[in-house]
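J.: Structure below; questions to follow.
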Amino acid sequence: MDRKCFSHLGVTWVTSADPLSRMSDSLLSRRHFLGTAAAAAAPWASSSLAAETGQPFKFVFLTDPHVQPEKGAVQGVKQCFAKVNALEQRPQFVITGGDLIMDALEMGSDRVRLQWQLWDECMKTLEVPAYHTIGNHDVCGWSPKALVKPGEAEYGKKLFADRYGQGRAYQSFDHGGWHFIILDSIGLEKETGDYMGWIDEDQLAWLQADLEKTGKKTPIILVTHIPFYSVWHQVLLGPKVNIGAKALVNNVHDFRKVLSAYNIRLVLSGHGHISERIQFDQVTYLQGGAVCGLWWKGPVHGNPEGFVEVTCHPDGRFEDRYVSYGWKAQA
Ligand SMILES: [Zn+2]
């Protein structure tokens, strides 16, 4: 959960009913994987090679690291990256799920820049390429309590977009016969100056064009920091809970029909720090736990600090498993 979002609900942590290891389709045995691992092990193998040869490939989805100077967070993220680097079959790439730094919404510009420096220091230890998703805490000054105001250099999404998006905070790419779309799900609620879950009009126009270019057969993975759907609020707080505007993408229903015409297989999200999966029609909606667990204070209801390893097959099947990197929260 996002502590800024849900503190009014009186919830400080949540349940994850998910086991640590999950198979989405359970179509391939572990033996099959081991048999193909050697051929697919080259970490920098090109995507076209994987597609042409029909080999599966792996990537890691790693969300909500919330790096900060305190609580050993830098050491924790580096330990997480060391685990990624040492996976039995090295992933082709990492996708981060947002909230890379602890907070830019309410912090002053010096603190924001310090957190990005620490994130850069961590990233130097990651030995595979990475694509980055923007989270609400990566946006500077979008809070009623903001210290950074409009017009200041750090305000808004600029620091993130300049680093990772060539000036914008969403992108797409192809790999191994799959199409990946990384969305910017952070909108601004103009009346309050607070953030909310929202995909803006410019981005939706881009998304529609991107989908048309991709075609209806190519398997697609969408990544969004703020989830499209989620159930943990109802599980813990009851079916009538009012989750507010920050928990989910508020306009997802407006573009649901556009998405449903395409071969969306998986929607990855962060934000909730929980491990949760929803299957509806052909789409799996997966919240990927959190690298920081409960903001570096320990596991989230038994789900350890970790990340998701995803194996994609050229025919559109995939498997995922949650991987702990063995972090022990500092007292
Ligand atoms: Zn978040």
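Letters A, B, ... mark the chains of the structure tokens in the order given; residue numbers begin at 1 per chain; ligand numbers begin at 1, in order shown.
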Let's see if you can do this: from backbone DSSP, list all strand (DSSP E or B) residues in segment 57-306 of chain A, as a PyMOL selection string.

T.: chain A and resi 57-62+67+93-96+101+130-132+140+156+171-175+178-182+186-189+194-197+220-224+264-269+275-280+283-288+300+303+306

J.: Pick out the closest residue to ligand 1 from this set: A:Lys216, A:Arg265, A:His271, A:His132. Count only C-alpha atoms and all ligand atoms.

T.: A:His271

J.: Give me, as a PyMOL selection string, the set of residues whose atoms come within 10 Å of any atom of ligand 1, counting only C-alpha atoms and all ligand atoms.

T.: chain A and resi 1-5+63-64+66+97-100+102-103+134-138+185-186+197+225-227+246-247+269-273

J.: Mind dumping a table of every segment 264-312 of chain A residue within 12 Å of segment 229-232 of chain A, with the nearest atom pair and its distance in Å to one decimal, using only C-alpha atoms, sorted by chain and rising number, as JSON lines?

T.:
```
{"residue": "A:Val267", "atom": "CA", "partner": "A:Tyr229", "partner_atom": "CA", "distance": 9.7}
{"residue": "A:Leu268", "atom": "CA", "partner": "A:Tyr229", "partner_atom": "CA", "distance": 10.6}
{"residue": "A:Ser269", "atom": "CA", "partner": "A:Tyr229", "partner_atom": "CA", "distance": 9.5}
{"residue": "A:Gly270", "atom": "CA", "partner": "A:Ser230", "partner_atom": "CA", "distance": 10.8}
{"residue": "A:His271", "atom": "CA", "partner": "A:Ser230", "partner_atom": "CA", "distance": 10.7}
{"residue": "A:Gly272", "atom": "CA", "partner": "A:Ser230", "partner_atom": "CA", "distance": 8.9}
{"residue": "A:His273", "atom": "CA", "partner": "A:Trp232", "partner_atom": "CA", "distance": 10.9}
{"residue": "A:Ile274", "atom": "CA", "partner": "A:Trp232", "partner_atom": "CA", "distance": 8.5}
{"residue": "A:Ser275", "atom": "CA", "partner": "A:Trp232", "partner_atom": "CA", "distance": 9.6}
{"residue": "A:Glu276", "atom": "CA", "partner": "A:Ser230", "partner_atom": "CA", "distance": 7.7}
{"residue": "A:Arg277", "atom": "CA", "partner": "A:Ser230", "partner_atom": "CA", "distance": 8.2}
{"residue": "A:Ile278", "atom": "CA", "partner": "A:Ser230", "partner_atom": "CA", "distance": 7.5}
{"residue": "A:Gln279", "atom": "CA", "partner": "A:Tyr229", "partner_atom": "CA", "distance": 10.4}
{"residue": "A:Phe280", "atom": "CA", "partner": "A:Tyr229", "partner_atom": "CA", "distance": 10.4}
{"residue": "A:Val283", "atom": "CA", "partner": "A:Tyr229", "partner_atom": "CA", "distance": 11.5}
{"residue": "A:Thr284", "atom": "CA", "partner": "A:Tyr229", "partner_atom": "CA", "distance": 10.5}
{"residue": "A:Tyr285", "atom": "CA", "partner": "A:Tyr229", "partner_atom": "CA", "distance": 7.3}
{"residue": "A:Leu286", "atom": "CA", "partner": "A:Ser230", "partner_atom": "CA", "distance": 9.0}
{"residue": "A:Gln287", "atom": "CA", "partner": "A:Ser230", "partner_atom": "CA", "distance": 8.3}
{"residue": "A:Gly288", "atom": "CA", "partner": "A:Ser230", "partner_atom": "CA", "distance": 12.0}
{"residue": "A:His301", "atom": "CA", "partner": "A:Trp232", "partner_atom": "CA", "distance": 11.9}
```

J.: Taking only C-alpha atoms into account, name the residue in A:Gln92, A:Asn85, A:Gln171, A:Ser109 that is nearest to Leu147 of chain A.

T.: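 Among the listed residues, A:Ser109 lies closest to Leu147 of chain A.
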
J.: Which residues come within 9 Å of segment 116-128 of chain A, counting only C-alpha atoms, excluding same-chain residues fewer than 2 positions away, as a list of chain:residue names?

T.: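 Counting only the stated atoms, we get A:Pro43, A:Trp44, A:His66, A:Val67, A:Gln68, A:Pro69, A:Val74, A:Gln75, A:Val77, A:Lys78, A:Phe81, A:Ala82, A:Val84, A:Asn85, A:Arg90, A:Pro91, A:Gln92, A:Phe93, A:Val94, A:Leu100, A:Ile101, A:Arg111, A:Val112, A:Arg113, A:Leu114, A:Ala130, A:Leu159.
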
J.: Restrict the selected residues to N, CA and C atoms and save them as a short mmCIF file (atom, residue, chain, number, x, y, z; two decimals), in the first residue's frame.

T.:
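The resulting file, again18.cif, is shown below:
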```
data_model
loop_
_atom_site.label_atom_id
_atom_site.label_comp_id
_atom_site.auth_asym_id
_atom_site.auth_seq_id
_atom_site.Cartn_x
_atom_site.Cartn_y
_atom_site.Cartn_z
N PRO A 43 23.32 -13.52 -21.71
CA PRO A 43 22.54 -12.42 -21.16
C PRO A 43 22.24 -11.32 -22.16
N TRP A 44 23.04 -11.17 -23.19
CA TRP A 44 22.81 -10.06 -24.11
C TRP A 44 22.28 -10.54 -25.44
N HIS A 66 12.22 2.33 -3.20
CA HIS A 66 12.17 3.42 -2.20
C HIS A 66 13.53 3.67 -1.56
N VAL A 67 14.52 3.95 -2.38
CA VAL A 67 15.86 4.14 -1.82
C VAL A 67 15.94 5.44 -1.03
N GLN A 68 16.68 5.38 0.07
CA GLN A 68 16.84 6.52 0.99
C GLN A 68 18.15 6.30 1.75
N PRO A 69 18.63 7.34 2.45
CA PRO A 69 19.87 7.15 3.21
C PRO A 69 19.67 6.24 4.43
N VAL A 74 20.19 1.53 0.83
CA VAL A 74 21.15 1.43 -0.28
C VAL A 74 21.75 0.03 -0.31
N GLN A 75 22.15 -0.43 0.88
CA GLN A 75 22.69 -1.79 0.98
C GLN A 75 21.64 -2.81 0.54
N VAL A 77 19.07 -2.41 -1.60
CA VAL A 77 18.86 -2.42 -3.06
C VAL A 77 20.05 -3.09 -3.75
N LYS A 78 21.26 -2.82 -3.25
CA LYS A 78 22.43 -3.48 -3.85
C LYS A 78 22.37 -5.00 -3.65
N PHE A 81 19.98 -6.29 -6.19
CA PHE A 81 20.58 -6.33 -7.53
C PHE A 81 21.59 -7.47 -7.64
N ALA A 82 22.32 -7.73 -6.55
CA ALA A 82 23.27 -8.85 -6.56
C ALA A 82 22.53 -10.17 -6.78
N VAL A 84 19.68 -10.48 -8.41
CA VAL A 84 19.27 -10.47 -9.83
C VAL A 84 20.46 -10.89 -10.71
N ASN A 85 21.64 -10.30 -10.43
CA ASN A 85 22.84 -10.62 -11.23
C ASN A 85 23.19 -12.10 -11.15
N ARG A 90 20.49 -15.70 -16.21
CA ARG A 90 20.49 -14.24 -16.08
C ARG A 90 19.35 -13.63 -16.91
N PRO A 91 18.59 -12.72 -16.30
CA PRO A 91 17.49 -12.08 -17.06
C PRO A 91 18.04 -11.21 -18.18
N GLN A 92 17.25 -11.09 -19.24
CA GLN A 92 17.64 -10.24 -20.36
C GLN A 92 17.62 -8.77 -19.98
N PHE A 93 16.72 -8.44 -19.08
CA PHE A 93 16.61 -7.05 -18.63
C PHE A 93 15.77 -7.00 -17.36
N VAL A 94 15.81 -5.84 -16.73
CA VAL A 94 14.98 -5.56 -15.56
C VAL A 94 13.98 -4.48 -15.95
N LEU A 100 11.08 4.53 -7.17
CA LEU A 100 12.50 4.18 -7.11
C LEU A 100 13.15 4.84 -5.89
N ILE A 101 12.72 6.05 -5.58
CA ILE A 101 13.24 6.75 -4.41
C ILE A 101 12.15 6.83 -3.34
N ARG A 111 17.01 17.02 -0.74
CA ARG A 111 16.72 15.63 -0.35
C ARG A 111 16.35 14.79 -1.59
N VAL A 112 15.58 15.39 -2.49
CA VAL A 112 15.19 14.67 -3.72
C VAL A 112 16.43 14.31 -4.52
N ARG A 113 17.33 15.28 -4.70
CA ARG A 113 18.54 15.00 -5.50
C ARG A 113 19.45 14.00 -4.81
N LEU A 114 19.51 14.06 -3.48
CA LEU A 114 20.31 13.07 -2.73
C LEU A 114 19.78 11.66 -2.98
N ALA A 130 18.13 -1.97 -17.88
CA ALA A 130 16.91 -1.71 -17.11
C ALA A 130 16.02 -0.68 -17.82
N LEU A 159 12.72 15.31 -13.46
CA LEU A 159 13.95 14.58 -13.14
C LEU A 159 13.88 13.15 -13.65
#
```

J.: Can you work out the spacing between atom CA of Thr96 of chain A and atom CA of Trp178 of chain A in Å, to one decimal?

T.: 17.6 Å

J.: Calculate how many Å separate atom CA of Val310 of chain A from atom CA of Gly54 of chain A, rounding to one decimal.

T.: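 Taking atom CA of Val310 of chain A as the start and atom CA of Gly54 of chain A as the end point, the length is 16.3 Å.
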
J.: Taking the DSSP assignment computed from this structure's backbone, write out as a list in words all residues of segment 168-211 of chain A that belong to alpha helix (DSSP H).

T.: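 Written out, the alpha helix (DSSP H) residues of segment 168-211 of chain A are Glu201, Asp202, Gln203, Leu204, Ala205, Trp206, Leu207, Gln208, Ala209, Asp210 and Leu211 of chain A.
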
J.: What's the separation between atom CA of Gly177 of chain A and atom CA of Thr214 of chain A, in Å to one decimal place?

T.: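 So the answer is 10.5 Å.
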
J.: Contacts of Gly108 of chain A at 9 Å or less, counting only C-alpha atoms, minus same-chain residues fewer than 6 places along, as an mmCIF file with all heavy atoms, in the first residue's frame?

T.:
```cif
data_model
loop_
_atom_site.group_PDB
_atom_site.id
_atom_site.type_symbol
_atom_site.label_atom_id
_atom_site.label_comp_id
_atom_site.auth_asym_id
_atom_site.auth_seq_id
_atom_site.Cartn_x
_atom_site.Cartn_y
_atom_site.Cartn_z
ATOM 1 N N CYS A 140 7.943 15.042 -8.162
ATOM 2 C CA CYS A 140 8.352 16.054 -7.182
ATOM 3 C C CYS A 140 7.265 17.122 -6.998
ATOM 4 O O CYS A 140 6.844 17.760 -7.965
ATOM 5 C CB CYS A 140 9.656 16.688 -7.677
ATOM 6 S SG CYS A 140 10.531 17.572 -6.408
ATOM 7 N N GLY A 141 6.806 17.275 -5.758
ATOM 8 C CA GLY A 141 5.949 18.405 -5.418
ATOM 9 C C GLY A 141 4.458 18.215 -5.658
ATOM 10 O O GLY A 141 3.698 19.164 -5.466
ATOM 11 N N ALA A 146 3.724 19.858 -0.322
ATOM 12 C CA ALA A 146 4.961 19.944 -1.107
ATOM 13 C C ALA A 146 5.844 21.108 -0.671
ATOM 14 O O ALA A 146 5.358 22.199 -0.359
ATOM 15 C CB ALA A 146 4.608 20.086 -2.576
ATOM 16 N N LEU A 147 7.147 20.848 -0.704
ATOM 17 C CA LEU A 147 8.125 21.918 -0.486
ATOM 18 C C LEU A 147 8.610 22.496 -1.809
ATOM 19 O O LEU A 147 8.978 23.661 -1.902
ATOM 20 C CB LEU A 147 9.321 21.376 0.311
ATOM 21 C CG LEU A 147 9.013 20.896 1.735
ATOM 22 C CD1 LEU A 147 10.269 20.338 2.395
ATOM 23 C CD2 LEU A 147 8.434 22.025 2.581
ATOM 24 N N VAL A 148 8.635 21.637 -2.844
ATOM 25 C CA VAL A 148 9.054 22.100 -4.172
ATOM 26 C C VAL A 148 7.813 22.584 -4.926
ATOM 27 O O VAL A 148 6.801 21.877 -5.002
ATOM 28 C CB VAL A 148 9.758 20.971 -4.950
ATOM 29 C CG1 VAL A 148 10.093 21.421 -6.364
ATOM 30 C CG2 VAL A 148 11.026 20.527 -4.211
#
```
